[in-house]
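Student: What follows is data25.csv, CSV, C-alpha atoms and all ligand atoms.
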```
chain,number,residue,atom,x,y,z
A,1,MET,CA,0.0,0.0,0.0
A,2,GLY,CA,3.0,2.3,0.7
A,3,SER,CA,3.5,3.7,-2.8
A,4,THR,CA,-0.1,4.8,-3.1
A,5,VAL,CA,-0.2,6.9,0.0
A,6,THR,CA,-0.2,10.6,-0.6
A,7,PRO,CA,2.2,12.4,1.7
A,8,ALA,CA,0.5,14.1,4.6
A,9,GLU,CA,1.6,17.6,3.5
A,10,THR,CA,-0.4,17.3,0.3
A,11,SER,CA,-3.1,14.9,1.5
A,12,ARG,CA,-6.7,16.0,1.7
A,13,LEU,CA,-6.6,14.7,5.3
A,14,PHE,CA,-4.7,18.0,6.2
A,15,LYS,CA,-6.9,20.4,4.2
A,16,PRO,CA,-9.3,22.6,6.2
A,17,ILE,CA,-13.0,21.7,6.0
A,18,LYS,CA,-16.2,23.5,7.1
A,19,LEU,CA,-18.3,21.6,9.6
A,20,GLY,CA,-21.5,23.2,10.9
A,21,ASN,CA,-20.5,26.8,11.8
A,22,HIS,CA,-16.8,25.9,12.2
A,23,GLU,CA,-13.7,25.7,10.0
A,24,LEU,CA,-11.7,22.7,11.0
A,25,GLN,CA,-8.0,22.8,10.2
A,26,HIS,CA,-7.7,19.1,9.2
A,27,ARG,CA,-9.8,16.0,8.9
A,28,VAL,CA,-8.6,13.8,11.7
A,29,SER,CA,-11.2,13.5,14.5
A,30,LEU,CA,-11.4,11.9,18.0
A,31,ALA,CA,-14.0,9.1,17.9
A,32,ALA,CA,-16.5,8.7,20.7
A,33,LEU,CA,-14.8,6.5,23.3
A,34,THR,CA,-16.4,5.0,26.5
A,35,ARG,CA,-13.7,5.2,29.2
A,36,TYR,CA,-15.6,5.0,32.5
A,37,ARG,CA,-13.8,7.9,34.2
A,38,ASN,CA,-17.0,9.5,35.5
A,39,ASP,CA,-17.9,9.3,39.2
A,40,ASP,CA,-20.6,7.1,40.6
A,41,ASP,CA,-23.2,9.8,39.8
A,42,HIS,CA,-22.0,9.9,36.2
A,43,VAL,CA,-20.3,13.3,36.7
A,44,PRO,CA,-17.0,13.7,34.9
A,45,LEU,CA,-13.9,13.3,37.1
A,46,ASP,CA,-11.4,16.2,37.0
A,47,MET,CA,-8.9,14.0,35.0
A,48,MET,CA,-11.2,14.1,32.0
A,49,ARG,CA,-10.4,17.8,31.5
A,50,GLN,CA,-6.8,17.1,30.7
A,51,TYR,CA,-7.7,14.1,28.6
A,52,TYR,CA,-9.9,16.0,26.2
A,53,ALA,CA,-7.8,19.2,26.2
A,54,ASP,CA,-4.7,17.1,25.3
A,55,ARG,CA,-6.5,15.5,22.4
A,56,ALA,CA,-7.7,18.9,21.2
A,57,SER,CA,-4.2,20.3,21.1
A,58,ALA,CA,-4.0,20.6,17.3
A,59,PRO,CA,-6.2,23.6,16.7
A,60,GLY,CA,-9.3,23.0,14.6
A,61,THR,CA,-9.7,19.3,15.6
A,62,LEU,CA,-13.2,17.8,15.9
A,63,ILE,CA,-13.5,16.2,19.3
A,64,VAL,CA,-16.5,13.9,19.9
A,65,SER,CA,-17.3,13.1,23.5
A,66,GLU,CA,-17.8,9.6,24.8
A,67,ALA,CA,-21.4,8.5,24.6
A,68,SER,CA,-23.4,10.4,27.2
A,69,ALA,CA,-26.8,9.4,28.5
A,70,ILE,CA,-29.9,11.6,27.8
A,71,SER,CA,-31.5,10.8,31.1
A,72,GLU,CA,-30.7,9.1,34.4
A,73,ALA,CA,-32.9,6.2,33.3
A,74,GLU,CA,-30.7,5.7,30.2
A,75,ALA,CA,-27.3,5.8,32.0
A,76,GLY,CA,-27.4,2.1,32.1
A,77,GLU,CA,-24.0,1.1,33.5
A,78,PRO,CA,-21.7,2.3,36.2
A,79,ASN,CA,-19.4,5.3,35.5
A,80,ASN,CA,-20.4,6.0,31.9
A,81,ALA,CA,-21.0,9.5,30.8
A,82,SER,CA,-24.3,11.4,31.1
A,83,MET,CA,-25.8,14.8,30.3
A,84,ALA,CA,-28.9,14.4,32.4
A,85,THR,CA,-28.3,16.6,35.5
A,86,PRO,CA,-27.0,20.2,36.2
A,87,ALA,CA,-23.9,18.7,38.0
A,88,GLN,CA,-23.0,16.7,34.9
A,89,ALA,CA,-23.5,19.7,32.6
A,90,ALA,CA,-21.4,21.8,34.9
A,91,ALA,CA,-18.5,19.4,34.8
A,92,TRP,CA,-18.7,19.0,31.1
A,93,LYS,CA,-18.7,22.8,30.8
A,94,GLU,CA,-15.1,22.8,32.2
A,95,ILE,CA,-14.0,20.1,29.8
A,96,ILE,CA,-15.5,21.9,26.9
A,97,LYS,CA,-13.8,25.2,27.9
A,98,GLY,CA,-10.5,23.3,27.8
A,99,VAL,CA,-11.2,22.0,24.3
A,100,HIS,CA,-12.1,25.5,23.1
A,101,ALA,CA,-9.0,27.0,24.7
A,102,LYS,CA,-7.0,24.8,22.2
A,103,GLY,CA,-9.1,26.2,19.3
A,104,SER,CA,-10.9,22.9,18.7
A,105,VAL,CA,-14.5,22.0,18.2
A,106,PHE,CA,-16.6,19.8,20.6
A,107,PHE,CA,-19.6,17.7,19.9
A,108,GLN,CA,-21.3,15.8,22.7
A,109,GLN,CA,-22.5,12.3,21.7
A,110,LEU,CA,-25.9,11.6,23.2
A,111,TYR,CA,-27.5,8.1,23.6
A,112,ALA,CA,-30.2,6.1,25.2
A,113,MET,CA,-28.9,2.7,26.1
A,114,GLY,CA,-32.2,0.8,25.9
A,115,SER,CA,-31.7,-2.9,26.4
A,116,SER,CA,-27.9,-2.5,26.2
A,117,ALA,CA,-28.2,-1.2,29.7
A,118,LYS,CA,-27.4,-3.5,32.5
A,119,PRO,CA,-30.6,-4.6,34.2
A,120,GLU,CA,-28.8,-5.4,37.5
A,121,TYR,CA,-27.6,-1.8,37.5
A,122,ILE,CA,-30.7,0.1,36.6
A,123,GLY,CA,-33.2,-2.0,38.6
A,124,PRO,CA,-31.9,-1.1,42.0
A,125,ARG,CA,-31.8,2.6,40.9
A,126,GLY,CA,-35.5,2.5,40.2
A,127,PHE,CA,-35.5,2.3,36.4
A,128,GLU,CA,-37.1,-0.2,34.2
A,129,TYR,CA,-35.4,-2.3,31.5
A,130,ARG,CA,-37.1,-1.3,28.2
A,131,ASP,CA,-36.6,-1.3,24.5
A,132,ALA,CA,-38.5,-1.3,21.2
A,133,SER,CA,-39.9,-4.8,21.7
A,134,ALA,CA,-39.6,-7.6,24.3
A,135,VAL,CA,-36.7,-9.3,22.6
A,136,LYS,CA,-33.6,-10.3,24.5
A,137,ILE,CA,-30.2,-9.2,23.1
A,138,PRO,CA,-27.0,-11.3,23.3
A,139,GLY,CA,-25.2,-10.9,26.6
A,140,ARG,CA,-28.3,-10.3,28.6
A,141,ASP,CA,-30.3,-12.9,30.6
A,142,VAL,CA,-33.7,-11.2,30.4
A,143,ALA,CA,-35.8,-9.6,27.7
A,144,PRO,CA,-36.7,-5.9,28.1
A,145,ARG,CA,-40.3,-4.7,28.3
A,146,GLU,CA,-41.8,-3.1,25.2
A,147,MET,CA,-41.9,0.6,25.5
A,148,THR,CA,-45.2,2.4,25.5
A,149,VAL,CA,-45.8,5.2,23.0
A,150,ALA,CA,-45.8,7.6,25.9
A,151,GLU,CA,-42.3,6.4,26.8
A,152,ILE,CA,-41.1,6.8,23.2
A,153,GLU,CA,-42.4,10.4,23.2
A,154,GLN,CA,-40.6,10.9,26.6
A,155,THR,CA,-37.4,9.6,25.1
A,156,ILE,CA,-37.6,12.2,22.3
A,157,ASP,CA,-38.2,14.9,24.9
A,158,ASP,CA,-35.2,13.6,26.8
A,159,PHE,CA,-33.0,13.8,23.7
A,160,VAL,CA,-34.1,17.4,23.3
A,161,ALA,CA,-33.5,18.3,26.9
A,162,ALA,CA,-30.0,16.7,26.9
A,163,ALA,CA,-29.1,18.5,23.7
A,164,LYS,CA,-30.1,21.8,25.2
A,165,ARG,CA,-28.1,21.0,28.3
A,166,ALA,CA,-25.1,20.2,26.2
A,167,VAL,CA,-25.3,23.2,23.9
A,168,PHE,CA,-26.8,25.9,26.2
A,169,ASP,CA,-25.5,24.9,29.6
A,170,ALA,CA,-22.2,23.2,28.9
A,171,GLY,CA,-21.2,25.1,25.8
A,172,ALA,CA,-20.9,22.3,23.3
A,173,ASP,CA,-20.6,23.3,19.7
A,174,GLY,CA,-23.1,20.6,18.8
A,175,VAL,CA,-24.5,17.1,19.6
A,176,GLU,CA,-24.1,13.8,17.8
A,177,ILE,CA,-27.2,11.7,18.0
A,178,HIS,CA,-25.9,8.1,18.6
A,179,ALA,CA,-28.1,5.8,16.4
A,180,ALA,CA,-25.5,3.1,16.1
A,181,HIS,CA,-23.9,0.1,17.8
A,182,GLY,CA,-26.9,-1.6,19.3
A,183,TYR,CA,-28.2,1.2,21.5
A,184,LEU,CA,-31.9,2.2,21.7
A,185,LEU,CA,-32.2,4.1,18.4
A,186,ASP,CA,-30.3,1.4,16.6
A,187,HIS,CA,-32.6,-1.3,18.1
A,188,PHE,CA,-35.6,0.5,16.6
A,189,LEU,CA,-33.8,0.3,13.2
A,190,THR,CA,-33.2,-3.5,13.6
A,191,PRO,CA,-35.9,-5.8,12.2
A,192,SER,CA,-35.2,-8.7,14.6
A,193,LEU,CA,-35.5,-6.4,17.7
A,194,ASN,CA,-38.2,-4.0,16.6
A,195,GLN,CA,-41.4,-6.1,16.3
A,196,ARG,CA,-43.8,-3.3,16.9
A,197,THR,CA,-47.0,-3.0,14.8
A,198,ASP,CA,-47.7,0.6,15.7
A,199,GLU,CA,-46.3,3.8,14.2
A,200,TRP,CA,-42.8,3.0,15.4
A,201,GLY,CA,-42.2,-0.3,13.7
A,202,GLY,CA,-43.3,-2.9,11.2
A,203,SER,CA,-41.9,-1.3,8.1
A,204,THR,CA,-38.6,0.4,7.1
A,205,ALA,CA,-40.2,3.9,7.3
A,206,LYS,CA,-41.8,3.3,10.7
A,207,SER,CA,-38.6,1.7,12.1
A,208,CYS,CA,-36.6,4.8,11.0
A,209,ARG,CA,-39.2,7.2,12.4
A,210,LEU,CA,-37.7,7.5,15.9
A,211,THR,CA,-34.2,8.4,14.7
A,212,LEU,CA,-35.7,10.9,12.2
A,213,GLU,CA,-38.0,12.4,14.8
A,214,VAL,CA,-35.1,12.8,17.4
A,215,VAL,CA,-33.0,14.6,14.8
A,216,ARG,CA,-35.9,16.9,13.8
A,217,ARG,CA,-36.9,17.8,17.3
A,218,VAL,CA,-33.3,18.3,18.5
A,219,ALA,CA,-32.6,20.5,15.4
A,220,GLU,CA,-35.6,22.6,16.3
A,221,ALA,CA,-34.2,23.1,19.8
A,222,VAL,CA,-30.5,23.8,19.1
A,223,GLY,CA,-30.2,24.5,15.4
A,224,ILE,CA,-29.6,22.0,12.6
A,225,GLU,CA,-26.0,23.1,12.1
A,226,LYS,CA,-25.3,21.9,15.7
A,227,VAL,CA,-26.6,18.4,15.1
A,228,ALA,CA,-24.9,15.3,13.8
A,229,VAL,CA,-26.0,11.7,13.5
A,230,ARG,CA,-24.0,8.5,13.9
A,231,LEU,CA,-25.0,5.3,12.1
A,232,SER,CA,-23.4,1.9,11.9
A,233,PRO,CA,-25.0,0.1,8.9
A,234,PHE,CA,-23.0,-3.1,9.4
A,235,ALA,CA,-22.4,-3.4,13.1
A,236,THR,CA,-23.8,-6.5,14.9
A,237,TYR,CA,-22.7,-5.3,18.4
A,238,GLN,CA,-25.4,-5.6,21.1
A,239,GLY,CA,-28.0,-7.2,18.8
A,240,GLY,CA,-27.8,-4.5,16.1
A,241,GLY,CA,-27.2,-6.8,13.2
A,242,LYS,CA,-29.5,-6.1,10.3
A,243,GLY,CA,-29.4,-9.7,8.9
A,244,SER,CA,-27.5,-9.1,5.6
A,245,GLY,CA,-25.7,-6.5,3.5
A,246,LEU,CA,-28.9,-6.3,1.4
A,247,ALA,CA,-31.1,-5.6,4.5
A,248,SER,CA,-28.6,-2.9,5.6
A,249,ARG,CA,-28.7,-1.2,2.2
A,250,LYS,CA,-32.5,-1.1,2.3
A,251,ILE,CA,-32.7,0.3,5.8
A,252,TYR,CA,-29.9,2.8,5.6
A,253,GLY,CA,-30.5,3.7,2.0
A,254,TYR,CA,-34.0,4.9,3.1
A,255,LEU,CA,-32.8,6.5,6.4
A,256,ILE,CA,-29.9,8.4,4.9
A,257,THR,CA,-32.1,9.6,1.9
A,258,GLU,CA,-34.8,10.8,4.4
A,259,LEU,CA,-32.1,12.5,6.6
A,260,ARG,CA,-30.7,14.3,3.6
A,261,LYS,CA,-34.2,15.6,2.6
A,262,GLN,CA,-35.1,16.5,6.1
A,263,THR,CA,-31.9,18.4,6.9
A,264,ALA,CA,-31.4,20.0,3.4
A,265,GLY,CA,-27.6,20.0,3.5
A,266,LYS,CA,-27.4,21.7,6.9
A,267,LEU,CA,-26.7,18.7,9.3
A,268,ALA,CA,-23.2,19.4,10.8
A,269,TYR,CA,-22.0,16.0,9.7
A,270,LEU,CA,-23.0,12.4,9.2
A,271,SER,CA,-20.9,9.9,11.1
A,272,LEU,CA,-20.7,6.4,9.5
A,273,VAL,CA,-19.0,3.4,11.0
A,274,GLU,CA,-17.5,0.9,8.5
A,275,ALA,CA,-17.8,-2.8,8.9
A,276,ALA,CA,-14.2,-2.8,10.4
A,277,GLY,CA,-15.3,-0.4,13.1
A,278,ASP,CA,-18.0,-2.7,14.5
A,279,PRO,CA,-17.4,-2.8,18.3
A,280,MET,CA,-18.1,-6.5,17.9
A,281,ALA,CA,-14.7,-6.7,16.2
A,282,ILE,CA,-12.9,-3.8,17.9
A,283,VAL,CA,-14.1,-4.3,21.5
A,284,LEU,CA,-15.0,-8.0,21.6
A,285,GLY,CA,-12.5,-9.3,19.0
A,286,GLY,CA,-15.1,-10.9,16.8
A,287,ASP,CA,-15.3,-11.1,13.0
A,288,TYR,CA,-16.6,-8.6,10.4
A,289,ASP,CA,-17.2,-8.9,6.7
A,290,PRO,CA,-14.5,-6.8,4.9
A,291,THR,CA,-16.4,-6.9,1.6
A,292,LEU,CA,-19.2,-4.6,3.0
A,293,SER,CA,-18.8,-1.1,1.7
A,294,LEU,CA,-20.3,2.2,2.7
A,295,ASP,CA,-20.4,3.4,-0.9
A,296,PHE,CA,-24.2,3.1,-1.1
A,297,ALA,CA,-24.5,5.3,2.0
A,298,LEU,CA,-22.1,8.0,0.7
A,299,GLU,CA,-24.0,8.0,-2.6
A,300,ALA,CA,-27.3,8.4,-0.7
A,301,TRP,CA,-25.9,11.3,1.3
A,302,ASP,CA,-24.3,12.8,-1.8
A,303,ASN,CA,-21.9,15.2,0.0
A,304,ALA,CA,-24.9,17.0,1.7
A,305,SER,CA,-22.4,17.8,4.5
A,306,PRO,CA,-19.2,16.2,5.7
A,307,VAL,CA,-19.1,12.5,6.6
A,308,VAL,CA,-16.9,11.2,9.4
A,309,VAL,CA,-15.8,7.6,8.7
A,310,ALA,CA,-14.5,5.2,11.4
A,311,GLY,CA,-13.0,1.8,11.1
A,312,ALA,CA,-9.8,0.8,12.8
A,313,TYR,CA,-7.8,3.4,10.9
A,314,THR,CA,-4.0,3.7,11.0
A,315,PRO,CA,-2.2,6.9,9.9
A,316,GLU,CA,-1.4,5.3,6.5
A,317,SER,CA,-4.9,3.9,5.9
A,318,ALA,CA,-6.4,7.3,6.9
A,319,LEU,CA,-4.4,9.0,4.2
A,320,VAL,CA,-5.6,6.4,1.7
A,321,ALA,CA,-9.2,6.9,2.8
A,322,ALA,CA,-9.0,10.7,2.3
A,323,ASP,CA,-7.2,10.6,-1.0
A,324,ASN,CA,-8.3,7.4,-2.6
A,325,VAL,CA,-11.1,5.3,-1.2
A,326,TYR,CA,-13.3,8.4,-0.4
A,327,ALA,CA,-11.8,10.8,-2.9
A,328,ARG,CA,-15.2,11.8,-4.2
A,329,TRP,CA,-16.6,12.7,-0.8
A,330,ASP,CA,-15.8,15.2,2.0
A,331,VAL,CA,-14.7,12.8,4.7
A,332,LEU,CA,-13.1,13.2,8.0
A,333,VAL,CA,-11.4,10.1,9.6
A,334,ALA,CA,-12.1,9.3,13.2
A,335,PHE,CA,-9.5,7.5,15.3
A,336,GLY,CA,-10.3,5.7,18.6
A,337,ARG,CA,-7.7,3.5,20.2
A,338,ARG,CA,-4.8,5.2,18.5
A,339,PHE,CA,-6.1,8.7,19.6
A,340,LEU,CA,-6.5,7.6,23.2
A,341,ALA,CA,-2.9,6.4,23.2
A,342,ASN,CA,-1.5,9.5,21.4
A,343,PRO,CA,-2.6,12.9,22.7
A,344,ASP,CA,-0.7,14.4,19.8
A,345,LEU,CA,-2.1,12.0,17.2
A,346,VAL,CA,-2.9,14.8,14.7
A,347,TYR,CA,0.7,16.0,14.8
A,348,ARG,CA,2.1,12.4,14.5
A,349,VAL,CA,-0.1,11.6,11.5
A,350,GLY,CA,0.9,14.9,9.9
A,351,HIS,CA,4.6,14.4,10.4
A,352,GLY,CA,5.1,10.7,10.2
A,353,VAL,CA,6.0,10.3,13.9
A,354,PRO,CA,5.6,6.7,15.2
A,355,LEU,CA,2.7,6.1,17.5
A,356,ASN,CA,2.6,5.1,21.1
A,357,LYS,CA,1.0,1.6,21.4
A,358,TYR,CA,-2.4,1.4,23.1
A,359,ASP,CA,-2.9,-0.8,26.1
A,360,ARG,CA,-6.3,-2.5,26.0
A,361,THR,CA,-6.1,-3.7,29.6
A,362,THR,CA,-6.5,-0.1,30.8
A,363,PHE,CA,-9.2,1.1,28.4
A,364,TYR,CA,-12.1,0.5,30.7
A,365,ILE,CA,-11.0,0.6,34.3
A,366,PRO,CA,-13.6,2.7,36.1
A,367,LYS,CA,-12.2,6.0,37.6
A,368,ALA,CA,-8.6,4.8,37.1
A,369,PRO,CA,-5.8,7.3,36.3
A,370,GLN,CA,-3.8,4.5,34.7
A,371,GLY,CA,-4.1,4.4,31.0
A,372,TYR,CA,-5.7,7.7,30.9
A,373,ASN,CA,-3.5,10.8,31.0
A,374,ASP,CA,-0.2,8.9,31.1
A,375,TYR,CA,0.3,8.4,27.3
A,376,PRO,CA,3.2,10.8,26.4
A,377,PHE,CA,3.3,13.5,23.7
A,378,SER,CA,6.1,12.9,21.2
A,379,GLN,CA,9.4,14.8,21.6
A,380,GLU,CA,8.9,16.0,18.0
A,381,TYR,CA,5.6,17.6,19.0
A,382,LEU,CA,7.0,19.1,22.2
A,383,GLN,CA,9.9,20.7,20.3
A,384,SER,CA,7.4,22.0,17.7
A,385,ILE,CA,5.6,24.0,20.3
A,386,GLY,CA,8.9,25.1,21.9
A,387,SER,CA,8.3,23.3,25.3
A,388,LYS,CA,11.3,20.9,25.2
B,401,LIG,C1,-19.0,0.5,24.7
B,401,LIG,O1,-19.2,1.0,25.8
B,401,LIG,O2,-18.6,-0.7,24.5
B,401,LIG,C2,-19.5,1.2,23.5
B,401,LIG,C3,-20.1,2.4,23.7
B,401,LIG,C4,-20.6,3.2,22.6
B,401,LIG,C5,-20.3,2.7,21.3
B,401,LIG,C6,-19.7,1.5,21.2
B,401,LIG,C7,-19.3,0.8,22.2
B,401,LIG,O3,-20.7,3.3,20.3
```
Let me see the file written as C-alpha cells.
Tutor:
Amino acid sequence: MGSTVTPAETSRLFKPIKLGNHELQHRVSLAALTRYRNDDDHVPLDMMRQYYADRASAPGTLIVSEASAISEAEAGEPNNASMATPAQAAAWKEIIKGVHAKGSVFFQQLYAMGSSAKPEYIGPRGFEYRDASAVKIPGRDVAPREMTVAEIEQTIDDFVAAAKRAVFDAGADGVEIHAAHGYLLDHFLTPSLNQRTDEWGGSTAKSCRLTLEVVRRVAEAVGIEKVAVRLSPFATYQGGGKGSGLASRKIYGYLITELRKQTAGKLAYLSLVEAAGDPMAIVLGGDYDPTLSLDFALEAWDNASPVVVAGAYTPESALVAADNVYARWDVLVAFGRRFLANPDLVYRVGHGVPLNKYDRTTFYIPKAPQGYNDYPFSQEYLQSIGSK
C-alpha cells in the first residue's frame, strides 16, 4: 500500500473543512470512546479535562465526547457519561472550555442505552429495563419490556433536553445523536429487535421514524447546524445486526435519503461506521465482513455535508481513505484506540511520527488514572511547540 499513500503535506486529510459553523484545520477527529472515568453519579472526574484538552491540542480538531446518556434512566451502567443533570452539565462545561482553549470543536455524543443497559444496575436505581420490543439481546439474561408510546415520546423529549443542556448549559458546539452500535435508536432500526406493529415499527419507514424524529426535534431546539448523527449500517454489536448486507442497504438507504431531505444539507455531519469499526470486532475481538462497503451510504448522502468515517484506521490507511477510497466525498477520519494512546495524534499523523501503542487492559478501568493521562506527547511535538 505504501506507494499509493499521498504524503501528509499534500493529502486532503490535512486540508481545512467547514463543519457546521466551524472551520476545521484538518480531517482527523477523535471518535467517541467510552472510558468510565466518570464518578458514581455519572459526573465527569477532573482527570477528564486534561484528557480531552490534550487530544484537542492541534487547533481545529473535531472532538467527539464519549457516549453520554440523555437521562438518568438511560445511564445504564456504572461510571459511563451522562448529560442528564445540572452537575453533569457543569463538569462537562469545564471540559469543553479546555477544548475551546485549544481552538478545537466539541460535539457531545448523546445516547439512550435501551436494552444494552445492565438490568442489574438500573433495577436497584428504580429504572425499568425497556426497548422497542420484548426481545432479548446477546449478553443479557432477560428480555426488556416493550416501551409504551408515551415512553417513546418521553425519550424524544429527553434527547431534546439533553441536547439543550449540552449546547446551552455546557457550551458544546453541537451534539451527535448516537443511532449506532446496538443502543436504543439502533434497536428500533433493527428488524429482529423491533417487532412493533404501531407507528414506530413494522416497516422500514416506521422503524426509522424514531431516529428521524429525534433529529428533527433536536434540530428545532438547538439549530440543525449543531446536530450530527451516527449510524453503523453493518455493526452487529449488542444485537444491532440487520441480517444481511442487502437488508442494511435497504434500511440505511432509506434512512440516509430521508435524513438528507429533512436536513437540506445543513446537518453538521453524518458519522458512518465501517464494517471494520463494529465494536463486535474492535471491542470484543469478533469477525466482520471486509467486503461490505459504505459506498451506497455515501451515494445516498451525496456530500450533503461532511461525513466522518471510522473503522480501525492507522495513519497510513487514513491518508488512503481521504485521497483514494473516499476521494469523491468530503470525509473526516475518526480514530479511537490510537487517539486515546496518542494525545498528539494529529501531529504524529501529519509528520510521520511513530505512534505510542495502546494498552487495552487499561481502556475500561472505572475511575482509574492509569491508561488515561499517562500516554506521552512525542518529543517532536513538544519541540514544535517550543516546550522541550
Ligand atoms: C461500549 O461501551 O462498548 C461502547 C459504547 C458506545 C459505542 C460502542 C461501544 O458506540
Student: What are the closest atom pairs, with distances in Å to one decimal, for all residues of chain A lying within 7 Å of ligand LIG 401 (chain B)? Consider all atoms listed in the file, order rows by chain and residue number, and present the result as CSV.
Tutor:
```
residue,atom,partner,partner_atom,distance
A:Ala32,CA,B:LIG401,O3,6.9
A:Leu33,CA,B:LIG401,C4,6.7
A:Thr34,CA,B:LIG401,O1,4.9
A:Ala67,CA,B:LIG401,C4,5.7
A:Ala180,CA,B:LIG401,O3,6.4
A:His181,CA,B:LIG401,O3,5.2
A:Pro279,CA,B:LIG401,C7,5.6
A:Val283,CA,B:LIG401,O2,6.5
```
Student: Quick one: everything within 8 Å of A:Gln238, counting all atoms listed in the file, minus sequence neighbours fewer than 3 positions away in the same chain. Send it as a count of residues only.
Tutor: 7
Student: Quick one: residues within 8 Å of stretch 159-163 of chain A, only C-alpha atoms, excluding same-chain residues fewer than 5 positions away - as a VMD selection string?
Tutor: chain A and resid 70 to 71 83 to 84 110 to 111 175 214 217 to 218 221 to 222
Student: So which residues touch A:Ala166 within 9 Å, counting all atoms listed in the file, skipping near sequence neighbours fewer than 2 positions away, as a CSV table (one decimal) with C-alpha atoms, keeping the file's coordinate frame?
Tutor:
```csv
chain,number,residue,atom,x,y,z
A,83,MET,CA,-25.8,14.8,30.3
A,89,ALA,CA,-23.5,19.7,32.6
A,92,TRP,CA,-18.7,19.0,31.1
A,93,LYS,CA,-18.7,22.8,30.8
A,107,PHE,CA,-19.6,17.7,19.9
A,108,GLN,CA,-21.3,15.8,22.7
A,161,ALA,CA,-33.5,18.3,26.9
A,162,ALA,CA,-30.0,16.7,26.9
A,163,ALA,CA,-29.1,18.5,23.7
A,164,LYS,CA,-30.1,21.8,25.2
A,168,PHE,CA,-26.8,25.9,26.2
A,169,ASP,CA,-25.5,24.9,29.6
A,170,ALA,CA,-22.2,23.2,28.9
A,171,GLY,CA,-21.2,25.1,25.8
A,172,ALA,CA,-20.9,22.3,23.3
A,173,ASP,CA,-20.6,23.3,19.7
A,174,GLY,CA,-23.1,20.6,18.8
A,175,VAL,CA,-24.5,17.1,19.6
```
Student: Give me, as a PyMOL selection string, all polymer residues having an atom no more than 12 Å from A:Thr10, counting all atoms listed in the file and skipping those fewer than 3 positions away in the same chain.
Tutor: chain A and resi 5-7+13-16+26+319+322-323+350-351
Student: Could the residues in this selection be written to a file with C-alpha atoms, as a JSON list (two decimals), keeping the file's coordinate frame?
Tutor:
```
[["chain", "number", "residue", "atom", "x", "y", "z"],
["A", 5, "VAL", "CA", -0.20, 6.90, 0.00],
["A", 6, "THR", "CA", -0.20, 10.60, -0.60],
["A", 7, "PRO", "CA", 2.20, 12.40, 1.70],
["A", 13, "LEU", "CA", -6.60, 14.70, 5.30],
["A", 14, "PHE", "CA", -4.70, 18.00, 6.20],
["A", 15, "LYS", "CA", -6.90, 20.40, 4.20],
["A", 16, "PRO", "CA", -9.30, 22.60, 6.20],
["A", 26, "HIS", "CA", -7.70, 19.10, 9.20],
["A", 319, "LEU", "CA", -4.40, 9.00, 4.20],
["A", 322, "ALA", "CA", -9.00, 10.70, 2.30],
["A", 323, "ASP", "CA", -7.20, 10.60, -1.00],
["A", 350, "GLY", "CA", 0.90, 14.90, 9.90],
["A", 351, "HIS", "CA", 4.60, 14.40, 10.40]]
```
Student: Just to confirm, what's the straight-line distance from atom CA of A:Asp54 to atom CA of A:Val28 in Å (one decimal)?
Tutor: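 So the two atoms, atom CA of A:Asp54 and atom CA of A:Val28, lie 14.5 Å apart.
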Student: List the spatial neighbours of A:Val99 as JSON, numbers by chain - criterion: any atom at most 9 Å away, all atoms listed in the file, same-chain residues fewer than 6 positions off excluded.
Tutor: {"A": [49, 52, 53, 54, 55, 56, 57, 63, 105, 106]}
Student: Using atom CA of A:Val308 and atom CA of A:Glu153 as the two end points, give the distance in Å to one decimal.
Tutor: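 Separation between atom CA of A:Val308 and atom CA of A:Glu153: 29.0 Å.
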Student: Quick one: distance from atom CA of A:Thr263 to atom CA of A:Thr236 in Å, one decimal?
Tutor: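 That distance, rounded to one decimal, is 27.4 Å.
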Student: Which one of A:Pro376, A:Gly240, A:Gly114, A:Pro315 sits closest to A:Val349 if you count only C-alpha atoms?
Tutor: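 Comparing A:Pro376, A:Gly240, A:Gly114, A:Pro315 against A:Val349, the winner is A:Pro315.
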Student: Around (-14.6, 6.8, 25.0) in the file's frame, which residues reach within 10 Å when counting all atoms listed in the file? Return as a ChimeraX atom specification?
Tutor: /A:30-37,64-68,80-81,336-337,340,363-364
Student: For stretch 11-20 of chain A, take all atoms listed in the file, fit an axis-aligned box around them, add 4 Å to each of the six sides, then output centre and edge lengths in Å rounded to one decimal, as lines of an AutoDock Vina configuration file.
Tutor:
```
center_x = -12.3
center_y = 19.1
center_z = 6.2
size_x = 26.4
size_y = 16.8
size_z = 17.4
```
